[in-house]
>>> print(open('run-v3.txt').read())   # compact mmCIF, C-alpha atoms
# COMPACT_ATOMS: atom_id res chain seq x y z
CA MET A 107 -155.48 24.90 8.95
CA VAL A 108 -152.70 24.34 11.49
CA ASP A 109 -149.40 22.56 11.81
CA ALA A 110 -149.10 19.47 13.99
CA ALA A 111 -148.04 21.50 17.06
CA ALA A 112 -151.75 22.09 17.69
CA ALA A 113 -152.09 18.35 18.52
CA LEU A 114 -155.20 18.28 16.36
CA ARG A 115 -156.01 15.40 14.02
CA GLU A 116 -156.83 16.16 10.40
CA ASP A 117 -160.58 16.13 9.80
CA PRO A 118 -161.42 17.45 6.31
CA GLU A 119 -165.14 16.87 6.85
CA HIS A 120 -165.06 19.54 9.55
CA GLY A 121 -162.55 21.76 7.76
CA VAL A 122 -159.43 20.80 9.73
CA VAL A 123 -156.25 20.29 7.70
CA VAL A 124 -152.91 19.58 9.40
CA VAL A 125 -149.36 20.20 8.17
CA PRO A 126 -147.16 17.36 9.52
CA GLN A 127 -143.91 18.20 11.29
CA ARG A 128 -140.62 16.33 11.13
CA ILE A 129 -138.55 15.88 14.30
CA ILE A 130 -135.23 14.06 14.54
CA VAL A 131 -134.87 12.14 17.82
CA GLY A 132 -131.37 10.72 18.11
CA ASP A 133 -130.95 8.74 14.90
CA ARG A 134 -134.69 8.32 14.34
CA GLU A 135 -137.19 10.42 12.42
CA PHE A 136 -140.47 11.23 14.15
CA ILE A 137 -143.35 12.52 12.01
CA ASP A 138 -145.95 14.37 14.03
CA ASP A 139 -149.32 14.55 12.29
CA GLY A 140 -151.31 15.58 15.36
CA ASN A 141 -151.98 12.02 16.55
CA THR A 142 -151.43 12.26 20.31
CA ALA A 143 -151.33 8.46 20.64
CA THR A 144 -147.74 8.58 19.36
CA TYR A 145 -146.52 11.19 21.85
CA ALA A 146 -145.67 8.85 24.73
CA GLY A 147 -142.98 7.17 22.65
CA PHE A 148 -141.44 10.54 21.83
CA TYR A 149 -141.23 11.52 25.50
CA THR A 150 -139.66 8.18 26.38
CA LEU A 151 -136.85 8.98 23.97
CA LEU A 152 -136.60 12.54 25.25
CA ARG A 153 -136.29 11.39 28.87
CA GLY A 154 -133.60 8.95 27.74
CA GLY A 155 -131.39 11.83 26.66
CA SER A 156 -131.77 11.57 22.89
CA ALA A 157 -130.71 14.67 20.98
CA ILE A 158 -133.62 16.53 19.38
CA ALA A 159 -133.70 18.57 16.18
CA THR A 160 -136.87 20.30 15.00
CA SER A 161 -137.53 22.00 11.67
CA THR A 162 -140.12 24.25 10.06
CA PRO A 163 -142.43 22.61 7.51
CA SER A 164 -141.44 23.56 3.96
CA PRO A 165 -143.50 25.85 1.71
CA GLY A 166 -144.32 22.71 -0.29
CA ALA A 167 -145.78 21.02 2.82
CA TYR A 168 -148.04 24.02 3.42
CA LEU A 169 -148.99 24.17 -0.25
CA ASP A 170 -149.93 20.47 -0.22
CA ALA A 171 -152.10 21.08 2.82
CA PHE A 172 -153.83 24.04 1.15
CA ARG A 173 -154.56 21.89 -1.89
CA ARG A 174 -156.25 19.24 0.28
CA THR A 175 -159.25 21.49 0.84
CA ASP A 176 -161.52 23.18 -1.67
CA ALA A 177 -162.85 25.67 0.91
CA GLU A 178 -163.34 29.19 -0.41
CA THR A 179 -161.74 30.62 2.72
CA ILE A 180 -158.79 29.04 4.52
CA LEU A 181 -157.41 30.36 7.79
CA CYS A 182 -153.88 29.17 8.43
CA LEU A 183 -152.82 29.60 12.05
CA THR A 184 -149.17 29.81 13.12
CA ILE A 185 -147.19 30.32 16.31
CA PRO A 186 -145.46 33.73 16.80
CA GLU A 187 -143.22 34.81 13.96
CA ARG A 188 -140.52 35.76 16.48
CA TRP A 189 -140.27 32.06 17.44
CA SER A 190 -140.44 30.35 14.08
CA ALA A 191 -140.31 30.79 10.31
CA MET A 192 -143.70 29.05 10.01
CA HIS A 193 -145.59 32.32 9.54
CA SER A 194 -143.43 33.53 6.65
CA THR A 195 -143.31 30.03 5.14
CA ALA A 196 -147.10 29.72 5.24
CA ASN A 197 -147.45 33.16 3.64
CA LEU A 198 -145.09 32.10 0.87
CA ALA A 199 -147.16 28.98 0.23
CA ALA A 200 -150.37 31.04 0.26
CA GLY A 201 -148.88 33.24 -2.47
CA MET A 202 -147.91 30.16 -4.47
CA LEU A 203 -151.48 28.86 -4.26
CA GLU A 204 -152.83 32.25 -5.33
CA ALA A 205 -150.54 32.27 -8.38
CA GLU A 206 -151.61 28.72 -9.19
CA GLU A 207 -155.37 29.31 -8.88
CA GLY A 208 -155.66 32.99 -9.78
CA ARG A 209 -157.50 33.80 -6.54
CA ARG A 210 -156.62 34.36 -2.88
CA ARG A 211 -158.10 31.71 -0.59
CA VAL A 212 -155.64 31.70 2.31
CA THR A 213 -155.30 34.15 5.19
CA VAL A 214 -152.33 33.45 7.46
CA ILE A 215 -152.76 34.53 11.09
CA ASP A 216 -149.94 34.85 13.60
CA THR A 217 -151.80 33.75 16.73
CA GLY A 218 -149.26 35.39 19.03
CA THR A 219 -149.38 32.36 21.28
CA ALA A 220 -147.96 28.85 21.54
CA VAL A 221 -148.09 25.64 23.56
CA ALA A 222 -151.72 24.99 24.61
CA GLY A 223 -152.70 28.53 23.66
CA PHE A 224 -152.08 27.63 20.03
CA SER A 225 -154.03 24.39 20.42
CA LEU A 226 -156.92 26.23 22.03
CA ILE A 227 -157.09 28.84 19.27
CA ALA A 228 -157.09 26.04 16.68
CA ARG A 229 -160.05 24.34 18.36
CA CYS A 230 -161.84 27.65 18.75
CA ALA A 231 -161.39 28.30 15.02
CA ALA A 232 -162.80 24.87 14.17
CA CYS A 233 -165.85 25.47 16.38
CA LEU A 234 -166.49 28.98 15.04
CA ALA A 235 -166.21 27.72 11.46
CA GLU A 236 -169.38 25.72 12.03
CA THR A 237 -171.34 28.60 13.58
CA THR A 238 -170.03 31.67 11.70
CA PRO A 239 -170.90 31.48 7.98
CA ASP A 240 -169.48 34.93 7.16
CA PRO A 241 -165.72 34.55 6.46
CA ALA A 242 -164.94 38.12 7.56
CA ALA A 243 -166.75 37.63 10.86
CA TRP A 244 -165.00 34.29 11.37
CA THR A 245 -161.59 35.83 10.78
CA ALA A 246 -162.37 38.74 13.10
CA ALA A 247 -163.54 36.37 15.85
CA ILE A 248 -160.31 34.38 15.64
CA ARG A 249 -158.18 37.52 15.77
CA THR A 250 -160.09 38.57 18.89
CA ALA A 251 -159.52 35.15 20.45
CA CYS A 252 -155.79 35.46 19.73
CA GLU A 253 -155.76 38.71 21.71
CA GLN A 254 -157.68 37.18 24.62
CA VAL A 255 -155.99 33.79 25.09
CA ARG A 256 -153.70 33.39 28.10
CA VAL A 257 -151.19 30.65 28.83
CA TYR A 258 -149.59 29.70 32.15
CA GLY A 259 -147.22 26.84 32.81
CA ALA A 260 -144.58 25.34 35.06
CA LEU A 261 -141.38 23.69 33.86
CA ALA A 262 -139.91 20.67 35.60
CA THR A 263 -136.41 21.75 34.52
CA LEU A 264 -134.69 24.53 32.57
CA THR A 265 -132.43 22.07 30.75
CA TYR A 266 -134.48 21.91 27.56
CA VAL A 267 -135.22 25.64 27.38
CA ALA A 268 -131.49 26.27 27.76
CA ARG A 269 -130.87 24.24 24.62
CA THR A 270 -132.91 26.78 22.65
CA GLY A 271 -130.60 29.59 23.79
CA ARG A 272 -133.40 31.46 25.56
CA VAL A 273 -131.97 30.66 29.01
CA PRO A 274 -128.23 30.63 29.77
CA ALA A 275 -126.91 27.13 30.46
CA LEU A 276 -125.30 28.33 33.70
CA LEU A 277 -128.61 29.64 35.01
CA ALA A 278 -130.33 26.39 34.02
CA GLY A 279 -127.67 24.40 35.87
CA ILE A 280 -128.08 26.44 39.04
CA SER A 281 -131.87 26.15 38.84
CA ASN A 282 -131.69 22.39 38.38
CA THR A 283 -129.21 22.00 41.23
CA LEU A 284 -131.58 23.87 43.53
CA ARG A 285 -134.51 21.88 42.11
CA VAL A 286 -136.45 25.01 41.29
CA ARG A 287 -139.47 24.84 38.97
CA PRO A 288 -140.18 28.15 37.19
CA VAL A 289 -143.84 29.09 36.79
CA PHE A 290 -144.42 31.33 33.76
CA ARG A 291 -147.02 33.16 31.71
CA LEU A 292 -147.01 33.53 27.94
CA VAL A 293 -148.34 36.86 26.72
CA GLU A 294 -149.42 38.05 23.28
CA GLY A 295 -146.61 38.07 20.76
CA GLY A 296 -144.71 35.18 22.29
CA SER A 297 -143.11 37.01 25.21
CA THR A 298 -142.82 35.19 28.52
CA GLY A 299 -142.85 36.41 32.10
CA ARG A 300 -142.20 34.74 35.42
CA VAL A 301 -145.11 34.13 37.77
CA GLY A 302 -143.07 32.52 40.54
CA LEU A 303 -140.73 29.73 41.58
CA THR A 304 -141.49 26.51 43.38
CA ARG A 305 -139.69 23.30 44.26
CA THR A 306 -142.45 20.74 43.87
CA ALA A 307 -145.16 19.74 41.43
CA GLY A 308 -147.74 20.42 44.15
CA GLY A 309 -146.36 23.92 44.65
CA ALA A 310 -146.52 24.54 40.90
CA ILE A 311 -150.15 23.46 40.81
CA ARG A 312 -151.01 25.77 43.70
CA GLN A 313 -149.34 28.73 41.97
CA LEU A 314 -151.09 28.00 38.69
CA VAL A 315 -154.48 27.77 40.40
CA ARG A 316 -153.82 31.00 42.30
CA VAL A 317 -152.89 32.94 39.16
CA ALA A 318 -155.98 31.58 37.41
CA ALA A 319 -158.21 32.81 40.23
CA ASP A 320 -156.47 36.20 40.30
CA GLU A 321 -156.25 36.94 36.58
CA LEU A 322 -159.05 35.20 34.70
CA GLY A 323 -161.96 36.98 36.36
CA PRO A 324 -165.48 35.70 37.01
CA GLY A 325 -166.57 35.20 33.40
CA PRO A 326 -167.02 31.75 31.80
CA GLN A 327 -163.76 30.24 30.56
CA TRP A 328 -162.71 27.63 28.05
CA LEU A 329 -159.64 25.92 29.54
CA MET A 330 -157.08 23.56 28.11
CA VAL A 331 -154.84 21.85 30.65
CA PHE A 332 -151.62 20.59 29.09
CA HIS A 333 -148.83 18.29 30.15
CA ALA A 334 -145.58 16.96 28.72
CA ASP A 335 -145.84 13.34 29.84
CA ALA A 336 -147.17 14.26 33.30
CA PRO A 337 -150.80 13.05 33.23
CA ASP A 338 -151.28 12.73 37.00
CA GLU A 339 -150.20 16.31 37.68
CA ALA A 340 -152.39 17.52 34.81
CA ALA A 341 -155.41 15.67 36.22
CA GLU A 342 -154.89 17.30 39.61
CA LEU A 343 -154.47 20.73 38.04
CA MET A 344 -157.67 20.25 36.04
CA GLU A 345 -159.61 19.34 39.18
CA ARG A 346 -158.27 22.30 41.15
CA LEU A 347 -158.94 24.77 38.33
CA GLY A 348 -162.53 23.55 38.17
CA GLU A 349 -162.93 24.63 41.78
CA ALA A 350 -161.32 28.05 41.32
CA VAL A 351 -162.56 29.28 37.93
CA ASN A 352 -165.91 29.53 36.11
CA VAL A 353 -165.17 26.72 33.63
CA VAL A 354 -167.66 25.87 30.87
CA ARG A 355 -165.29 23.60 28.97
CA CYS A 356 -162.01 22.03 30.04
CA GLU A 357 -159.86 19.75 27.90
CA ASN A 358 -156.75 17.73 28.68
CA LEU A 359 -153.94 18.07 26.15
CA PHE A 360 -150.85 15.90 25.72
CA LEU A 361 -148.33 18.56 24.66
CA SER A 362 -147.05 18.08 21.12
CA PRO A 363 -143.43 16.99 20.58
CA MET A 364 -142.67 20.27 18.79
CA PHE A 365 -143.35 22.19 22.01
CA GLY A 366 -142.31 19.42 24.39
CA ALA A 367 -138.85 19.28 22.85
CA HIS A 368 -138.31 22.85 24.09
CA THR A 369 -140.15 22.79 27.42
CA GLY A 370 -139.01 19.32 28.46
CA PRO A 371 -140.96 16.43 30.01
CA GLY A 372 -142.85 17.13 33.22
CA THR A 373 -144.12 20.54 32.08
CA ILE A 374 -147.71 21.28 33.07
CA GLY A 375 -150.00 24.28 32.68
CA PHE A 376 -153.15 25.59 31.10
CA ALA A 377 -154.46 27.95 28.44
CA ALA A 378 -157.60 30.02 28.99
CA LEU A 379 -159.97 31.77 26.64
CA PRO A 380 -163.19 33.61 27.54
CA TRP A 381 -166.06 31.48 26.28
CA PRO A 382 -166.70 32.83 22.73
CA GLY A 383 -170.43 33.43 23.02
CA GLY A 384 -173.46 31.24 22.67
CA ALA A 385 -174.73 28.71 25.15
CA PRO A 386 -172.12 26.75 27.11
CA PRO A 387 -171.78 23.10 26.06
CA ASP A 388 -173.85 20.44 27.81
>>> encode(input="run-v3.txt", output="C-alpha cells")
Amino acid sequence: MVDAAAALREDPEHGVVVVPQRIIVGDREFIDDGNTATYAGFYTLLRGGSAIATSTPSPGAYLDAFRRTDAETILCLTIPERWSAMHSTANLAAGMLEAEEGRRRVTVIDTGTAVAGFSLIARCAACLAETTPDPAAWTAAIRTACEQVRVYGALATLTYVARTGRVPALLAGISNTLRVRPVFRLVEGGSTGRVGLTRTAGGAIRQLVRVAADELGPGPQWLMVFHADAPDEAAELMERLGEAVNVVRCENLFLSPMFGAHTGPGTIGFAALPWPGGAPPD
C-alpha cells in the first residue's frame, strides 16, 4: 500500500491500494489518486503561479485504505519520516486497525527515499508480492531494496524548493538569475547532496548520464526516469541512460503533484535499483 505520491493506480486484484492525497492549487482542490492522466492540468496551474498547499493524508484515510484489502499481510510504504508525518500517521492507522480486528496485519516501512525512488520501491514491492509467497521474505526484500535504491535529478529552478524552507530564498534568487540548474542525488534517509551545476537541460542530462555510468556499476539495473512536465528531456535522458548503463527495465514516470509542487516544473532525473533477481523481463 502506498500514498498517491507513488503515481501508482489502485489495483486491488494485484494487491495495490492507494491513499489519495489532497492538494490545494490556488482556490481549487486537486485530489491525486495516482492517475497520471490528471497531472498535466496540475502543472499548467503550477506554471501559472498558483499557490500550492499540500497536506498529509489523515489516519482515517490510511485506515480506509487498509480496510479495502483483506490481505493477511499489508506493507505500507512511506517517504522519509524527516520529510513528512505520513510514516507516523500510517503507524497510527495500523494500530487502529489492529485494535479493531484483534490482529496485526500492517507493517509500515519508511523507504528512506522519495520522488521516483519511492515510485520504484512501490513497483518493486508489487512485483515481489507476486513472486515471494513468504511475508517475512517479502518484507526483507523490500527493506533491502530501500537500502539499494538511488535517485538523481536536476531542477529547472530553485524557486519551488525555496518555498519549502530547505533553500534560502536569496540563494534561490541568485541561482535563478544566473540560470543555474542544480543536479542532485538523494541518499538513504532523505538527505540530498549536490552532484553539480549546469545552465542547460542538455548539460543536466549529460551530468545525470555521467553519474549513472560512474556510480551504478556494471550490474543489471531497473531504472525509472522521471519528469515534472518535461517529457522531451525525459525521453532524451532515457535514451542516453540506455547507452551508458546495463538496463533490464526502464520506465518513464510523470512526477506526482505531491513531489512536483516542491521540485517545480521542468525537473528531470532517474531512480535506479539493482535488478532484484530472477530473469530480466522480455
>>> residues_around(input="run-v3.txt", residues="A:Phe376", least_positions_apart="2", cutoff="10 Å", atoms="all atoms listed in the file", output="list in words")
Val221, Ala222, Gly223, Leu226, Arg256, Val257, Tyr258, Gly259, Ala260, Arg291, Leu314, Val315, Ala318, Leu329, Met330, Val331, Phe332, His333, Ala340, Leu343, Met344, Leu347, Cys356, Glu357, Asn358, Leu359, Ile374 and Ala378 of chain A
>>> residues_around(input="run-v3.txt", residues="A:Leu114", least_positions_apart="3", cutoff="12 Å", atoms="all atoms listed in the file", output="PyMOL selection string")
chain A and resi 107-111+117-118+121-126+138-143+222+224-232+359-362
>>> residues_near_point(input="run-v3.txt", point="(-138.4, 13.9, 27.7)", cutoff="8 Å", atoms="only C-alpha atoms", output="number ranges by chain")
A: 148-155, 334-335, 366-367, 370-372
>>> closest_residue(input="run-v3.txt", among="A:Leu261, A:Val267, A:Ile129, A:Leu379", to="A:Pro163", atoms="only C-alpha atoms")
A:Ile129
>>> atom_distance(input="run-v3.txt", atom1="atom CA of A:Ser156", atom2="atom CA of A:Thr265")
13.1 Å
>>> atom_distance(input="run-v3.txt", atom1="atom CA of A:Trp381", atom2="atom CA of A:Ala171")
29.2 Å
>>> residues_around(input="run-v3.txt", residues="A:Ala157", least_positions_apart="6", cutoff="9 Å", atoms="all atoms listed in the file", output="PDB file with C-alpha atoms, keeping the file's coordinate frame")
ATOM      1  CA  ILE A 130    -135.230  14.060  14.540  1.00  0.00           C
ATOM      2  CA  VAL A 131    -134.870  12.140  17.820  1.00  0.00           C
ATOM      3  CA  GLY A 132    -131.370  10.720  18.110  1.00  0.00           C
ATOM      4  CA  ASP A 133    -130.950   8.740  14.900  1.00  0.00           C
ATOM      5  CA  LEU A 151    -136.850   8.980  23.970  1.00  0.00           C
TER       6      LEU A 151
END
>>> atom_distance(input="run-v3.txt", atom1="atom CA of A:Ala377", atom2="atom CA of A:Glu321")
12.3 Å
>>> closest_residue(input="run-v3.txt", among="A:Ala336, A:Val293, A:Ile137, A:Ala262", to="A:Arg305", atoms="only C-alpha atoms")
A:Ala262
>>> residues_around(input="run-v3.txt", residues="stretch 236-240 of chain A", least_positions_apart="3", cutoff="12 Å", atoms="all atoms listed in the file", output="ChimeraX atom specification")
/A:119-122,178-179,229-233,243-248,382-384
>>> axis_aligned_box(input="run-v3.txt", around="stretch 110-125 of chain A", padding_each_side="6 Å", output="JSON")
{"center_x": -156.6, "center_y": 18.7, "center_z": 12.4, "size_x": 29.1, "size_y": 18.7, "size_z": 24.2}
>>> closest_residue(input="run-v3.txt", among="A:Leu292, A:Ala113, A:Ala307, A:Val212", to="A:Pro241", atoms="all atoms listed in the file")
A:Val212
